[in-house]
Amino acid sequence: MKLKRDEILDQLLEGIKKGKSIEDCLRAYPEFAEELEPLLRLAERIEDLPKPEPNPEAVESVLTKIRKMAVKERQKEKKFSFRKIFSLQPAFVRAIAVVLLIIFIGWTSMSLSAKSVPGDFLYPIKLFTEKVQYTLTVSPEGKAELHLVFADRRTNELVLSFKEGEMINKVLLNAMLNEAQSALKYSESLSAERSAILVAKVGKCNQHQQRVLEEIKPMACRDDTTVVNEAINLCAERHRCMGYMLNPESSDEQPPYPCWKKCCNWQ
């Protein structure tokens with residue numbers, strides 16, 4: 001029995017997933033090689049792409065094109081089934097379907113993961129999304145702003161985690177303070193004016209973190225009190241350090257710069 005193009009395409013995609021090359025897969029069906037090779041290469045590229053955030057205008061544009069194509073086919077033939085779209089232009093329609101599916105899944109996953117906290121199933125997706133966003137950001141100022149955003153997220157997650165278990169999540173505590181530290185490092189690569197603005201923003205972030213830790217401290221268990229005290233003292237040192245960076249003439253003492261160079265790693 002002769003296999004349909006769609007069935008052949010499914011078999012070839014399955015073969016690629018198992019590690020076969022596109023050329024090896026197409027050798028079994030040389031008569032369809034010219035038609036199926038572009039689609040296989042597209043599917044291979046899509047497999048490696050990160051989940052994109054959807055552009056509503058782009059999605060609407062694609063859907064409009066599909067609707068217009070469907071209307072034209074209805075005019076040509078009264079008896080029309082959705083299956084005929086795939087038989088008429090399998091490569092184009094399948095490519096559109098794959099792209100839309102990836103957009104939908106990526107959009108849904110990232111929207112849900114944004115509200116997740118450590119321990120949730122979608123939390124790794126949240127961290128992966130942040131990593132992609134950071135990688136795609138080119139400017140030092142943009143990267144510093146992202147570090148501040150991530151620091152704020154880790155602070156909120158630390159509070160939620162503490163409320164649920166009444167224990168300090170040391171991984172989140174380390175991440176919270178290290179994100180602020182990473183943001184300040186970019187001040188060295190900016191102009192004096194922009195550097196001062198960034199230092200001021202990091203200062204506000206640092207003060208917020210210190211207030212949160214001071215609110216948590218009275219409710220923390222004895223084992224966590226030492227770590228919280230150390231973190232509060234570090235925030236206080238950073239505050240003095242940034243005060244000197246903004247107004248070096250107002251102090252005769254050198255600031256404790258080493259507090260910005262070390263990474264927090266409480267176990």
# chains A, B, ... in the order shown; residues from 1 in each chain; ligands from 1
call {"tool": "closest_atom_pairs", "arguments": {"of": "range 184-218 of chain A", "to": "range 145-160 of chain A", "cutoff": "10 Å", "atoms": "only C-alpha atoms", "output": "CSV"}}
result
residue,atom,partner,partner_atom,distance
A:Leu184,CA,A:His147,CA,9.0
A:Tyr186,CA,A:Glu145,CA,9.7
A:Leu198,CA,A:Glu145,CA,8.3
A:Lys201,CA,A:Leu148,CA,8.2
A:Val202,CA,A:Leu148,CA,7.1
A:Lys204,CA,A:Leu148,CA,10.0
A:Cys205,CA,A:Leu148,CA,7.1
A:Asn206,CA,A:Ala151,CA,9.3
A:His208,CA,A:Thr155,CA,8.8
A:Gln209,CA,A:Thr155,CA,6.8
A:Val212,CA,A:Val159,CA,7.8
A:Leu213,CA,A:Val159,CA,9.0
A:Glu215,CA,A:Val159,CA,9.8
A:Ile216,CA,A:Val159,CA,8.0
call {"tool": "write_last_selection", "arguments": {"atoms": "C-alpha atoms", "output": "short mmCIF file (atom, residue, chain, number, x, y, z; two decimals), in the first residue's frame"}}
result
data_model
loop_
_atom_site.label_atom_id
_atom_site.label_comp_id
_atom_site.auth_asym_id
_atom_site.auth_seq_id
_atom_site.Cartn_x
_atom_site.Cartn_y
_atom_site.Cartn_z
CA LEU A 184 26.54 47.04 40.51
CA TYR A 186 28.22 47.06 35.39
CA LEU A 198 22.67 52.70 38.29
CA LYS A 201 18.98 52.05 41.70
CA VAL A 202 21.09 49.29 43.21
CA LYS A 204 17.25 51.21 46.54
CA CYS A 205 17.24 47.50 45.77
CA ASN A 206 19.77 46.88 48.55
CA HIS A 208 14.58 46.94 50.15
CA GLN A 209 16.41 43.65 50.66
CA VAL A 212 12.79 42.44 54.09
CA LEU A 213 15.50 40.60 56.03
CA GLU A 215 11.16 41.88 58.96
CA ILE A 216 11.91 38.18 58.61
#
call {"tool": "closest_atom_pairs", "arguments": {"of": "range 107-200 of chain A", "to": "range 220-237 of chain A", "cutoff": "12 Å", "atoms": "only C-alpha atoms", "output": "CSV"}}
result
residue,atom,partner,partner_atom,distance
A:Leu158,CA,A:Val228,CA,12.0
A:Val159,CA,A:Ala220,CA,11.6
A:Phe162,CA,A:Ala220,CA,8.6
A:Lys163,CA,A:Ala220,CA,10.3
A:Gly165,CA,A:Ala220,CA,10.4
A:Glu166,CA,A:Ala220,CA,6.7
A:Met167,CA,A:Ala220,CA,6.7
A:Ile168,CA,A:Asp224,CA,6.3
A:Asn169,CA,A:Asp224,CA,9.4
A:Lys170,CA,A:Val227,CA,8.5
A:Val171,CA,A:Val227,CA,11.9
A:Leu173,CA,A:Ala231,CA,8.3
A:Asn174,CA,A:Ala231,CA,9.1
A:Ala175,CA,A:Ala231,CA,12.0
A:Met176,CA,A:Ala231,CA,10.5
A:Leu177,CA,A:Ala231,CA,8.3
A:Asn178,CA,A:Ala231,CA,11.3
A:Ala180,CA,A:Cys235,CA,10.1
A:Gln181,CA,A:Cys235,CA,10.4
call {"tool": "atom_distance", "arguments": {"atom1": "CA of Leu12 in chain A", "atom2": "CA of Leu26 in chain A"}}
result
7.5 Å
call {"tool": "closest_residue", "arguments": {"among": "A:Met242, A:Glu37, A:Leu190, A:Glu179", "to": "Leu13 in chain A", "atoms": "only C-alpha atoms"}}
result
A:Glu37
call {"tool": "atom_distance", "arguments": {"atom1": "CA of Ser161 in chain A", "atom2": "CA of Thr135 in chain A"}}
result
27.5 Å
call {"tool": "atom_distance", "arguments": {"atom1": "CA of Leu136 in chain A", "atom2": "CA of Lys185 in chain A"}}
result
18.9 Å
call {"tool": "residues_around", "arguments": {"residues": "Glu23 in chain A", "least_positions_apart": "6", "cutoff": "12 Å", "atoms": "only C-alpha atoms", "output": "VMD selection string"}}
result
chain A and resid 12 15 to 16 29 to 30 33 to 34 36 to 38 40 to 41
call {"tool": "write_last_selection", "arguments": {"atoms": "N, CA and C atoms", "output": "tab-separated table (two decimals), in the first residue's frame"}}
result
chain	number	residue	atom	x	y	z
A	12	LEU	N	9.86	10.38	8.59
A	12	LEU	CA	11.17	11.04	8.47
A	12	LEU	C	11.47	11.90	9.69
A	15	GLY	N	12.57	9.66	12.37
A	15	GLY	CA	13.94	9.21	12.15
A	15	GLY	C	14.96	10.26	12.56
A	16	ILE	N	14.65	11.54	12.29
A	16	ILE	CA	15.55	12.63	12.67
A	16	ILE	C	15.66	12.73	14.19
A	29	TYR	N	13.06	7.71	0.22
A	29	TYR	CA	11.95	8.23	-0.57
A	29	TYR	C	12.47	9.31	-1.52
A	30	PRO	N	13.27	8.93	-2.50
A	30	PRO	CA	13.87	9.93	-3.41
A	30	PRO	C	12.84	10.72	-4.20
A	33	ALA	N	11.95	13.73	-2.16
A	33	ALA	CA	13.06	14.44	-1.53
A	33	ALA	C	12.98	15.95	-1.75
A	34	GLU	N	12.71	16.36	-2.97
A	34	GLU	CA	12.69	17.79	-3.28
A	34	GLU	C	11.61	18.52	-2.50
A	36	LEU	N	10.07	17.41	0.45
A	36	LEU	CA	10.11	17.25	1.90
A	36	LEU	C	11.37	17.80	2.56
A	37	GLU	N	12.47	17.94	1.79
A	37	GLU	CA	13.71	18.40	2.40
A	37	GLU	C	13.60	19.78	3.06
A	38	PRO	N	12.96	20.80	2.40
A	38	PRO	CA	12.85	22.11	3.06
A	38	PRO	C	12.09	22.05	4.38
A	40	LEU	N	11.81	19.42	6.40
A	40	LEU	CA	12.61	18.72	7.40
A	40	LEU	C	13.67	19.65	7.99
A	41	ARG	N	14.27	20.46	7.15
A	41	ARG	CA	15.30	21.38	7.64
A	41	ARG	C	14.67	22.46	8.52
call {"tool": "closest_residue", "arguments": {"among": "A:Glu7, A:Leu122, A:Glu141, A:Leu42", "to": "Ile22 in chain A", "atoms": "only C-alpha atoms"}}
result
A:Leu42
